[in-house]
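One structure is given here, and the rest of the page talks about it.
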Amino acid sequence: MRRLAALLLLAFLAPARAGDDFRPPAVPLVVQDPYVSAWSFSDRLTDDWPRHWTGKVMALCGMARIDEKAWRWCGPQPAGVPDVPAMEQKSLRVGALSTEYVFEAGGIELRVTFISPALPWDLDEVSLPLTYVMWQLRSTDDAPHLVALYLDASAEWVVNTVDQDVEWGRVRLGTVQAVWMGSADQRVLHRSGDDVRLDWGHLYLAQQDWPSQLDVLPGRDNWKPRAMFAVGADAHVRGEFVDTAMAPQFDDLRQPRAANDAWPVIAVSTPAVAVKPVHGDVASVRVGPLRIACDEVRNIQLMEQPLRPWWQRRGVDIGAVLGTDPLLAQAQCEAVADFERDLHSDLVAVGGEHYAQVCELAFRQVLGAHGLAIDGRGRAAHFPKECFSNGCISTVDVIYPAAPFFLVFNPGLLEAQLRPVLDYAASGRWPHPFAPHDLGTYPLANGQVYGGGERTEEDQMPVEECGNMLLLAGALQHLCGRDALAREYASQLDGWAAYLEQRGFDPENQLCTDDFAGHLAHNVNLSLKAILALGAWGQACAAIGRADEATRFSAAARDFAAKWQSAAGPPPTPLAFDQPGTWSQKYNLVWDDLLDLHLFPPALAAAELAQYRAQSGPFGPPLDSRRGYTKLDWSTWTAAFAPDRDSFAAAFEPLWRFVSATPQRVPLTDWYETADAKKVGFQARSVVGGLFIRLLQDRERAAAWRARGK
């Protein structure tokens with residue numbers, strides 16, 4: 001307890017980080033998976049309600065009653081409630097796994113921290129459907145104050161549309177109190193799609209009873225007060241706190257009813273605590289943590305089989321999550337603080353302060369775009385959602401750009417993404433000689449839906465997805481020493497390598513991952529991917545003792561690399577072999593150095609990067625010579641062609657400016673215009689895991705992060 005108190009005290013005393021002009025387009029608050037994903041889309045937390053990554057409201061109302069006056073710290077002025085002024089927001093810090101706001105009003109400094117205990121190397125914690133909310137109070141005017149705190153969550157959290165009925169209740173688990181809410185129609189896994197929200201399972205607010213040593217009302221030093229929980233119409237519950245500093249003592253019994261029928265909320269208020277000044281020192285009162293948790297019951301369907309979330313694998317139920325031992329909760333918060341400190345230091349070391357800021361903003365977005373489940377054999381299965389693109393699940397060309405994140409922090413999670421795709425391809429259902437594009441529409445992984453699906457080769461991505469699967473299998477083996485997939489699925493991967501031997505060097509008129517740009521024949525960057533994929537697979541075959549295959553595929557890669565340089569000519573290399581005078585970002589080239597393939601001369605990457613910087617707009621280089629838009633992930637990969645920290649930081653700077661300037665207030669988009677920073681499409685996608693490519697390039701640091709895993 002003393003160590004945590006010291007860490008929290010240091011947070012008050014720590015100087016602000018450099019780059020305080022960084023403005024996240026959206027701030028992660030409660031980000032657990034594609035459904036439980038609440039963000040602030042505004043500069044101040046009191047300007048608007050938190051929203052789901054799709055933009056639909058997921059209201060949280062936060063208030064503090066300081067002495068006799070109520071103030072807001074989260075959400076706009078509530079309807080039907082007397083005027084509640086906003087506290088002044090003094091600062092915002094977005095860490096990899098925590099978001100911290102500091103507010104002031106009425107002689108009190110209030111620090112609110114949303115903490116996700118999702119350390120990436122611990123699958124139990126990655127899967128845990130839990131967010132802590134921690135409050136800290138400090139007197140700023142040398143006077144004592146009585147402060148009560150309040151938070152509620154609206155029924156919008158548990159429905160897809162607000163005309164759906166909801167129901168609610170409360171539970172006690174030993175020293176833990178909780179209120180819950182869920183849709184009245186509990187049809188688990190009945191809905192799939194892109195712009196959809198969760199309407200099965202239950203959302204909980206939970207709180208441990210107050211410890212006896214907490215400083216409370218004068219004369220009540222031995223009292224063990226309890227948090228007050230309530231369920232009811234938003235105006236009534238919030239108004240009661242404004243008037244009395246407590247949530248109502250009686251719950252609304254009119255249920256089930258529509259989420260927009262008097263807007264029911266589940267709420268918690270803390271007892272008033274005395275915040276006393278201490279002259280000559282900094283003193284604070286810590287309150288919490290409050291727990292926000294969601295039990296989805298089943299989170300993925302894989303080939304018609306409903307899967308349980310990973311956190312349930314040992315028979316754990318939501319009660320155990322809500323009743324997390326206070327010492328464990330303390331240890332989790334300490335571990336997050338340690339993790340964020342070390343990660344920030346490494347990100348600054350490899351890429352600079354601005355690089356660190358963008359990566360930290362992306363961190364929870366990457367994890368929160370996935371669902372982690374237990375497959376039919378008891379193994380981890382990790383499923384990305386292709387957010388605001390088409391809603392596909394397990395899209396291979398989404399797994400590929402996100403892979404640097406997992407290759408740094410937990411290669412096992414990357415294996416858990418690839419294995420369901422490999423199982424599907426080997427099952428007999430997949431009829432094509434190339435790798436599939438996806439497994440369905442989230443959360444239903446029941447077979448490919450993109451393009452021609454299982455029926456035809458129309459609008460498929462043959463070279464793209466074969467290359468992605470082979471490169472990632474090779475990266476797992478070469479960078480992480482993990483060859484289980486290469487051994488288990490060798491024949492499947494051999495088949496895709498053979499496909500690239502036949503059709504990879506000069507691709508036909510087909511789509512690549514940048515499918516928004518349309519079909520393109522003779523795609524030079526796609527050819528580059530095929531060559532590097534053959535080299536990566538040949539190298540992996542050599543490592544696992546498959547000498548004949550190693551010789552065959554490595555020789556093909558070397559032969560194609562020589563032909564590629566002759567056909568493409570000197571840099572800047574063209575968009576397509578038959579389109580001289582054009583250019584495109586050759587982001588796939590980053591793997592040549594990462595995997596020590598050395599199929600191309602180092603001068604190629606340097607010359608290409610010089611071309612991209614020469615073509616750069618104020619917010620980065622276009623993707624190619626056809627249009628002014630770009631991709632954040634690919635531009636980071638080509639910035640990683642830079643040979644040292646300073647030149648990388650210079651190449652990354654326009655991308656940092658984009659993040660701070662984009663007018664669309666949404667979780668990070670990866671597709672935007674380089675002239676004005678406007679979003680073209682996509683948001684909240686896991687592909688921003690590609691930002692961690694620079695950290696992956698630092699072999700020693702990346703290996704140290706992998707070594708932290710269980």
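Naming works like this for the structure tokens: A, B, ... for the chains as they're shown, residue 1 at the start of each chain, ligands 1 onward in shown order.
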Q | Contacts of Leu367 of chain A at 12 Å (only C-alpha atoms; same-chain gap of 2+ positions) as a ChimeraX atom specification | A | /A:28,30-34,36-37,96-97,116-121,123,125-128,360-365,369-372,382-385,402-403,405-406,409-410,413-414,684-689
Q: Name the residues of segment 99-189 of chain A that fall into alpha helix (DSSP H) according to DSSP on the backbone, using the chain letters and numbers of this document, as a list in words.
A: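 Answer for segment 99-189 of chain A restricted to alpha helix (DSSP H) is Leu123, Asp124, Glu125, Val126 and Ser127 of chain A.
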Q: List the neighbours of Pro50 of chain A out to 6 Å using only C-alpha atoms; skip same-chain residues closer than 5 positions along the sequence, and give me the result as a PyMOL selection string.
A: chain A and resi 38-40+58-59
Q.
Can you tell me, as a ChimeraX atom specification, which residues in segment 72-319 of chain A count as strand (DSSP E) by DSSP?
A. /A:72-74,88-94,98-105,108-115,130-139,145-154,165-173,176-183,202-208,228-233,257-258,264-269,273-275,285-295,300-302,305-307
Would you save the residues from that selection as an mmCIF file, in the first residue's frame, using C-alpha atoms?
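Written out: out_35.cif:
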data_model
loop_
_atom_site.group_PDB
_atom_site.id
_atom_site.type_symbol
_atom_site.label_atom_id
_atom_site.label_comp_id
_atom_site.auth_asym_id
_atom_site.auth_seq_id
_atom_site.Cartn_x
_atom_site.Cartn_y
_atom_site.Cartn_z
ATOM 1 C CA ARG A 72 -19.203 17.905 -13.357
ATOM 2 C CA TRP A 73 -16.003 16.078 -14.269
ATOM 3 C CA CYS A 74 -17.462 13.801 -17.004
ATOM 4 C CA GLU A 88 -11.768 23.159 -14.964
ATOM 5 C CA GLN A 89 -9.777 20.502 -16.789
ATOM 6 C CA LYS A 90 -6.141 21.205 -15.985
ATOM 7 C CA SER A 91 -4.413 18.352 -17.794
ATOM 8 C CA LEU A 92 -4.779 15.095 -19.677
ATOM 9 C CA ARG A 93 -2.289 12.239 -19.881
ATOM 10 C CA VAL A 94 -2.854 9.252 -22.156
ATOM 11 C CA SER A 98 -4.295 4.368 -18.407
ATOM 12 C CA THR A 99 -5.885 7.748 -19.025
ATOM 13 C CA GLU A 100 -5.574 10.428 -16.384
ATOM 14 C CA TYR A 101 -7.471 13.721 -16.127
ATOM 15 C CA VAL A 102 -6.837 16.448 -13.563
ATOM 16 C CA PHE A 103 -9.661 18.868 -12.675
ATOM 17 C CA GLU A 104 -9.995 21.781 -10.273
ATOM 18 C CA ALA A 105 -12.989 23.475 -8.653
ATOM 19 C CA ILE A 108 -10.180 20.801 -4.720
ATOM 20 C CA GLU A 109 -7.946 19.110 -7.247
ATOM 21 C CA LEU A 110 -9.556 15.916 -8.549
ATOM 22 C CA ARG A 111 -7.431 13.395 -10.416
ATOM 23 C CA VAL A 112 -9.440 10.736 -12.277
ATOM 24 C CA THR A 113 -7.644 7.737 -13.776
ATOM 25 C CA PHE A 114 -9.128 5.032 -15.999
ATOM 26 C CA ILE A 115 -6.865 1.962 -15.736
ATOM 27 C CA LEU A 130 -12.421 -4.948 -16.305
ATOM 28 C CA THR A 131 -11.524 -1.270 -16.024
ATOM 29 C CA TYR A 132 -10.630 0.478 -12.782
ATOM 30 C CA VAL A 133 -11.623 4.080 -12.091
ATOM 31 C CA MET A 134 -9.436 5.709 -9.449
ATOM 32 C CA TRP A 135 -10.058 9.095 -7.831
ATOM 33 C CA GLN A 136 -7.597 11.269 -5.924
ATOM 34 C CA LEU A 137 -8.506 14.430 -4.044
ATOM 35 C CA ARG A 138 -6.264 17.238 -2.832
ATOM 36 C CA SER A 139 -7.010 20.598 -1.262
ATOM 37 C CA HIS A 145 -13.362 20.256 2.269
ATOM 38 C CA LEU A 146 -15.970 17.512 2.238
ATOM 39 C CA VAL A 147 -16.150 15.774 -1.133
ATOM 40 C CA ALA A 148 -18.526 13.092 -2.430
ATOM 41 C CA LEU A 149 -18.031 11.490 -5.844
ATOM 42 C CA TYR A 150 -20.488 10.057 -8.361
ATOM 43 C CA LEU A 151 -20.423 8.050 -11.594
ATOM 44 C CA ASP A 152 -23.187 6.489 -13.667
ATOM 45 C CA ALA A 153 -23.397 4.530 -16.920
ATOM 46 C CA SER A 154 -26.416 4.744 -19.190
ATOM 47 C CA ASP A 165 -35.589 -2.861 -23.778
ATOM 48 C CA VAL A 166 -33.222 -3.162 -20.819
ATOM 49 C CA GLU A 167 -33.431 -4.626 -17.334
ATOM 50 C CA TRP A 168 -31.299 -4.269 -14.214
ATOM 51 C CA GLY A 169 -30.575 -5.414 -10.697
ATOM 52 C CA ARG A 170 -27.983 -5.475 -7.919
ATOM 53 C CA VAL A 171 -25.798 -8.066 -6.216
ATOM 54 C CA ARG A 172 -23.532 -8.303 -3.161
ATOM 55 C CA LEU A 173 -20.451 -10.522 -3.187
ATOM 56 C CA VAL A 176 -18.316 -6.031 -2.929
ATOM 57 C CA GLN A 177 -21.503 -4.301 -3.987
ATOM 58 C CA ALA A 178 -22.549 -4.098 -7.632
ATOM 59 C CA VAL A 179 -25.372 -2.958 -9.872
ATOM 60 C CA TRP A 180 -25.909 -4.401 -13.328
ATOM 61 C CA MET A 181 -27.833 -3.698 -16.513
ATOM 62 C CA GLY A 182 -28.407 -5.643 -19.720
ATOM 63 C CA SER A 183 -30.766 -5.949 -22.663
ATOM 64 C CA HIS A 202 -24.476 -7.482 -18.629
ATOM 65 C CA LEU A 203 -22.582 -4.352 -17.609
ATOM 66 C CA TYR A 204 -21.602 -3.951 -13.945
ATOM 67 C CA LEU A 205 -20.470 -1.136 -11.667
ATOM 68 C CA ALA A 206 -18.883 -2.541 -8.518
ATOM 69 C CA GLN A 207 -17.122 -1.211 -5.448
ATOM 70 C CA GLN A 208 -15.441 -2.672 -2.397
ATOM 71 C CA MET A 228 -24.391 4.010 -2.479
ATOM 72 C CA PHE A 229 -25.673 2.248 -5.593
ATOM 73 C CA ALA A 230 -28.836 3.080 -7.508
ATOM 74 C CA VAL A 231 -30.717 2.328 -10.716
ATOM 75 C CA GLY A 232 -33.231 4.729 -12.150
ATOM 76 C CA ALA A 233 -34.089 7.512 -14.557
ATOM 77 C CA ARG A 257 -38.230 -0.652 -20.613
ATOM 78 C CA ALA A 258 -36.544 0.951 -23.599
ATOM 79 C CA PRO A 264 -32.239 4.462 -16.980
ATOM 80 C CA VAL A 265 -28.712 4.495 -15.540
ATOM 81 C CA ILE A 266 -26.749 2.403 -13.060
ATOM 82 C CA ALA A 267 -24.951 4.661 -10.600
ATOM 83 C CA VAL A 268 -22.597 4.738 -7.632
ATOM 84 C CA SER A 269 -21.825 7.540 -5.187
ATOM 85 C CA VAL A 273 -14.651 12.249 2.585
ATOM 86 C CA ALA A 274 -12.745 14.969 4.402
ATOM 87 C CA VAL A 275 -9.873 16.353 2.385
ATOM 88 C CA VAL A 285 -7.035 11.182 -0.445
ATOM 89 C CA ARG A 286 -7.371 8.182 -2.740
ATOM 90 C CA VAL A 287 -10.867 6.823 -3.422
ATOM 91 C CA GLY A 288 -11.565 3.593 -5.258
ATOM 92 C CA PRO A 289 -10.984 1.803 -7.406
ATOM 93 C CA LEU A 290 -14.449 1.550 -8.864
ATOM 94 C CA ARG A 291 -14.792 -1.442 -11.192
ATOM 95 C CA ILE A 292 -16.482 -1.319 -14.594
ATOM 96 C CA ALA A 293 -16.920 -4.823 -15.985
ATOM 97 C CA CYS A 294 -18.901 -6.567 -18.698
ATOM 98 C CA ASP A 295 -19.826 -10.244 -18.946
ATOM 99 C CA ILE A 300 -17.013 -15.307 -30.654
ATOM 100 C CA GLN A 301 -18.567 -17.967 -32.872
ATOM 101 C CA LEU A 302 -15.976 -20.058 -34.721
ATOM 102 C CA GLN A 305 -19.326 -23.107 -32.350
ATOM 103 C CA PRO A 306 -19.893 -20.419 -29.677
ATOM 104 C CA LEU A 307 -16.678 -19.705 -27.795
#
Q) Using only C-alpha atoms, which residue out of A:Pro431, A:Pro277, A:Gly376, A:Pro436 lies closest to Thr395 of chain A? A) A:Pro436
Q. Which of these, A:Asp195, A:Asp122, A:Glu653, A:Glu304, has the shortest distance to Ala445 of chain A once you count only C-alpha atoms?
A. A:Glu304
Q. In Å, how far is it from atom CA of Leu472 of chain A to atom CA of Tyr400 of chain A?
A. 7.1 Å
I'd like a table as CSV: residues in segment 309-365 of chain A with an atom no more than 10 Å from segment 632-645 of chain A, each row giving the shortest atom pair and its distance in Å to one decimal, only C-alpha atoms counted, sorted by chain and rising residue number.
residue,atom,partner,partner_atom,distance
A:Val348,CA,A:Arg645,CA,9.2
A:Ala349,CA,A:Arg645,CA,7.7
A:Val350,CA,A:Arg645,CA,5.7
A:Gly351,CA,A:Arg645,CA,5.5
A:Gly352,CA,A:Arg645,CA,7.3
A:Tyr355,CA,A:Thr636,CA,9.8
Q: Considering only C-alpha atoms, state which residue in the set A:His522, A:Pro618, A:Ser554, A:Gly80 is at the smallest distance from Pro574 of chain A.
A: A:His522
Q: Write out as a PyMOL selection string which residues come within 8 Å of Phe692 of chain A when counting only C-alpha atoms, dropping same-chain ones fewer than 5 positions away.
A: chain A and resi 359+404-405+408
Q.
as a list in words, please: the residues near Ala533 of chain A (cut-off 9 Å, only C-alpha atoms, same-chain neighbours under 2 positions excluded).
A. Cys466, Gly467, Asn468, Met469, Leu470, Leu471, Leu472, Gly474, Ala497, Leu500, Leu528, Lys529, Ala530, Ile531, Gly535, Ala536, Trp537, Gly538, Ala557 and Trp591 of chain A
So that I have them on file, write out the residues from the current selection with all heavy atoms, as a CSV table (one decimal), in the first residue's frame.
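Output file part32.csv follows:
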chain,number,residue,atom,x,y,z
A,466,CYS,N,-1.3,-14.6,-49.3
A,466,CYS,CA,-0.3,-15.6,-49.2
A,466,CYS,C,1.0,-14.9,-48.7
A,466,CYS,O,1.7,-15.5,-47.8
A,466,CYS,CB,0.0,-16.2,-50.6
A,466,CYS,SG,-1.2,-17.3,-51.2
A,467,GLY,N,1.4,-13.8,-49.2
A,467,GLY,CA,2.6,-13.1,-48.7
A,467,GLY,C,2.5,-12.8,-47.2
A,467,GLY,O,3.5,-12.9,-46.5
A,468,ASN,N,1.3,-12.3,-46.8
A,468,ASN,CA,1.2,-11.9,-45.4
A,468,ASN,C,1.4,-13.1,-44.5
A,468,ASN,O,2.1,-13.1,-43.4
A,468,ASN,CB,-0.2,-11.3,-45.1
A,468,ASN,CG,-0.4,-10.0,-45.8
A,468,ASN,OD1,0.5,-9.3,-46.1
A,468,ASN,ND2,-1.7,-9.6,-46.1
A,469,MET,N,0.7,-14.2,-44.8
A,469,MET,CA,0.8,-15.4,-43.9
A,469,MET,C,2.3,-16.0,-43.9
A,469,MET,O,2.8,-16.3,-42.8
A,469,MET,CB,-0.1,-16.5,-44.4
A,469,MET,CG,-1.6,-16.2,-44.3
A,469,MET,SD,-2.2,-15.9,-42.6
A,469,MET,CE,-2.1,-17.6,-42.0
A,470,LEU,N,3.0,-16.0,-45.0
A,470,LEU,CA,4.3,-16.5,-45.0
A,470,LEU,C,5.3,-15.5,-44.3
A,470,LEU,O,6.2,-16.0,-43.5
A,470,LEU,CB,4.8,-16.7,-46.4
A,470,LEU,CG,4.1,-17.8,-47.2
A,470,LEU,CD1,4.4,-17.7,-48.7
A,470,LEU,CD2,4.5,-19.2,-46.7
A,471,LEU,N,5.1,-14.2,-44.5
A,471,LEU,CA,6.0,-13.3,-43.8
A,471,LEU,C,5.8,-13.4,-42.2
A,471,LEU,O,6.7,-13.3,-41.5
A,471,LEU,CB,5.7,-11.9,-44.2
A,471,LEU,CG,6.4,-11.4,-45.5
A,471,LEU,CD1,5.7,-10.2,-46.1
A,471,LEU,CD2,7.9,-11.2,-45.3
A,472,LEU,N,4.5,-13.5,-41.8
A,472,LEU,CA,4.3,-13.6,-40.4
A,472,LEU,C,4.8,-14.9,-39.8
A,472,LEU,O,5.3,-14.9,-38.6
A,472,LEU,CB,2.8,-13.4,-40.1
A,472,LEU,CG,2.3,-12.0,-40.5
A,472,LEU,CD1,0.8,-11.8,-40.1
A,472,LEU,CD2,3.1,-10.9,-39.8
A,474,GLY,N,7.3,-16.5,-40.9
A,474,GLY,CA,8.7,-16.3,-40.9
A,474,GLY,C,9.2,-15.4,-39.8
A,474,GLY,O,10.2,-15.6,-39.1
A,497,ALA,N,3.5,-20.7,-50.7
A,497,ALA,CA,4.7,-20.3,-51.3
A,497,ALA,C,4.8,-20.8,-52.8
A,497,ALA,O,5.3,-20.0,-53.6
A,497,ALA,CB,5.9,-21.0,-50.5
A,500,LEU,N,3.0,-18.3,-54.9
A,500,LEU,CA,3.8,-17.1,-55.1
A,500,LEU,C,5.0,-17.3,-56.1
A,500,LEU,O,5.3,-16.4,-56.9
A,500,LEU,CB,4.4,-16.6,-53.8
A,500,LEU,CG,3.4,-16.0,-52.8
A,500,LEU,CD1,4.1,-15.5,-51.5
A,500,LEU,CD2,2.5,-15.0,-53.4
A,528,LEU,N,7.1,-7.1,-54.4
A,528,LEU,CA,8.1,-7.0,-53.4
A,528,LEU,C,7.7,-7.9,-52.2
A,528,LEU,O,8.5,-8.6,-51.6
A,528,LEU,CB,8.3,-5.6,-52.9
A,528,LEU,CG,9.4,-5.2,-51.9
A,528,LEU,CD1,10.7,-5.5,-52.5
A,528,LEU,CD2,9.3,-3.7,-51.6
A,529,LYS,N,6.4,-7.8,-51.8
A,529,LYS,CA,5.9,-8.7,-50.7
A,529,LYS,C,6.0,-10.1,-51.1
A,529,LYS,O,6.5,-10.9,-50.2
A,529,LYS,CB,4.4,-8.4,-50.5
A,529,LYS,CG,3.8,-9.3,-49.4
A,529,LYS,CD,2.4,-8.9,-49.1
A,529,LYS,CE,2.4,-7.6,-48.2
A,529,LYS,NZ,1.1,-7.2,-47.7
A,530,ALA,N,5.7,-10.5,-52.3
A,530,ALA,CA,5.8,-11.9,-52.6
A,530,ALA,C,7.3,-12.4,-52.5
A,530,ALA,O,7.6,-13.5,-52.0
A,530,ALA,CB,5.3,-12.1,-54.1
A,531,ILE,N,8.2,-11.6,-53.0
A,531,ILE,CA,9.6,-12.0,-52.9
A,531,ILE,C,10.1,-12.1,-51.5
A,531,ILE,O,10.8,-13.1,-51.1
A,531,ILE,CB,10.5,-10.9,-53.7
A,531,ILE,CG1,10.1,-10.9,-55.2
A,531,ILE,CG2,12.0,-11.2,-53.5
A,531,ILE,CD1,10.6,-9.6,-55.9
A,535,GLY,N,11.4,-15.5,-49.4
A,535,GLY,CA,12.6,-15.5,-48.6
A,535,GLY,C,12.4,-15.8,-47.1
A,535,GLY,O,13.2,-16.6,-46.5
A,536,ALA,N,11.4,-15.3,-46.6
A,536,ALA,CA,11.1,-15.5,-45.1
A,536,ALA,C,10.7,-17.0,-44.9
A,536,ALA,O,11.1,-17.6,-43.9
A,536,ALA,CB,9.9,-14.6,-44.7
A,537,TRP,N,9.9,-17.5,-45.8
A,537,TRP,CA,9.5,-18.9,-45.7
A,537,TRP,C,10.7,-19.9,-45.9
A,537,TRP,O,10.9,-20.9,-45.2
A,537,TRP,CB,8.3,-19.3,-46.6
A,537,TRP,CG,7.9,-20.7,-46.4
A,537,TRP,CD1,7.7,-21.7,-47.4
A,537,TRP,CD2,7.5,-21.3,-45.2
A,537,TRP,NE1,7.3,-22.8,-46.9
A,537,TRP,CE2,7.1,-22.7,-45.5
A,537,TRP,CE3,7.4,-20.9,-43.9
A,537,TRP,CZ2,6.7,-23.6,-44.6
A,537,TRP,CZ3,6.9,-21.8,-42.9
A,537,TRP,CH2,6.6,-23.1,-43.3
A,538,GLY,N,11.6,-19.6,-46.9
A,538,GLY,CA,12.8,-20.4,-47.1
A,538,GLY,C,13.6,-20.4,-45.9
A,538,GLY,O,14.2,-21.4,-45.4
A,557,ALA,N,13.4,-16.6,-54.2
A,557,ALA,CA,13.4,-15.2,-53.7
A,557,ALA,C,14.6,-14.4,-54.2
A,557,ALA,O,14.5,-13.3,-54.6
A,557,ALA,CB,13.4,-15.2,-52.1
A,591,TRP,N,10.6,-5.5,-44.2
A,591,TRP,CA,10.9,-6.9,-43.7
A,591,TRP,C,12.3,-7.4,-44.2
A,591,TRP,O,12.8,-8.3,-43.6
A,591,TRP,CB,9.8,-7.9,-44.1
A,591,TRP,CG,8.5,-7.5,-43.5
A,591,TRP,CD1,7.5,-6.9,-44.1
A,591,TRP,CD2,8.2,-7.8,-42.1
A,591,TRP,NE1,6.4,-6.8,-43.1
A,591,TRP,CE2,6.8,-7.3,-41.9
A,591,TRP,CE3,8.8,-8.4,-41.0
A,591,TRP,CZ2,6.2,-7.4,-40.7
A,591,TRP,CZ3,8.1,-8.5,-39.8
A,591,TRP,CH2,6.9,-8.0,-39.7
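The gap separating atom CA of Ala425 of chain A from atom CA of Val297 of chain A is 28.0 Å, in Å to one decimal.
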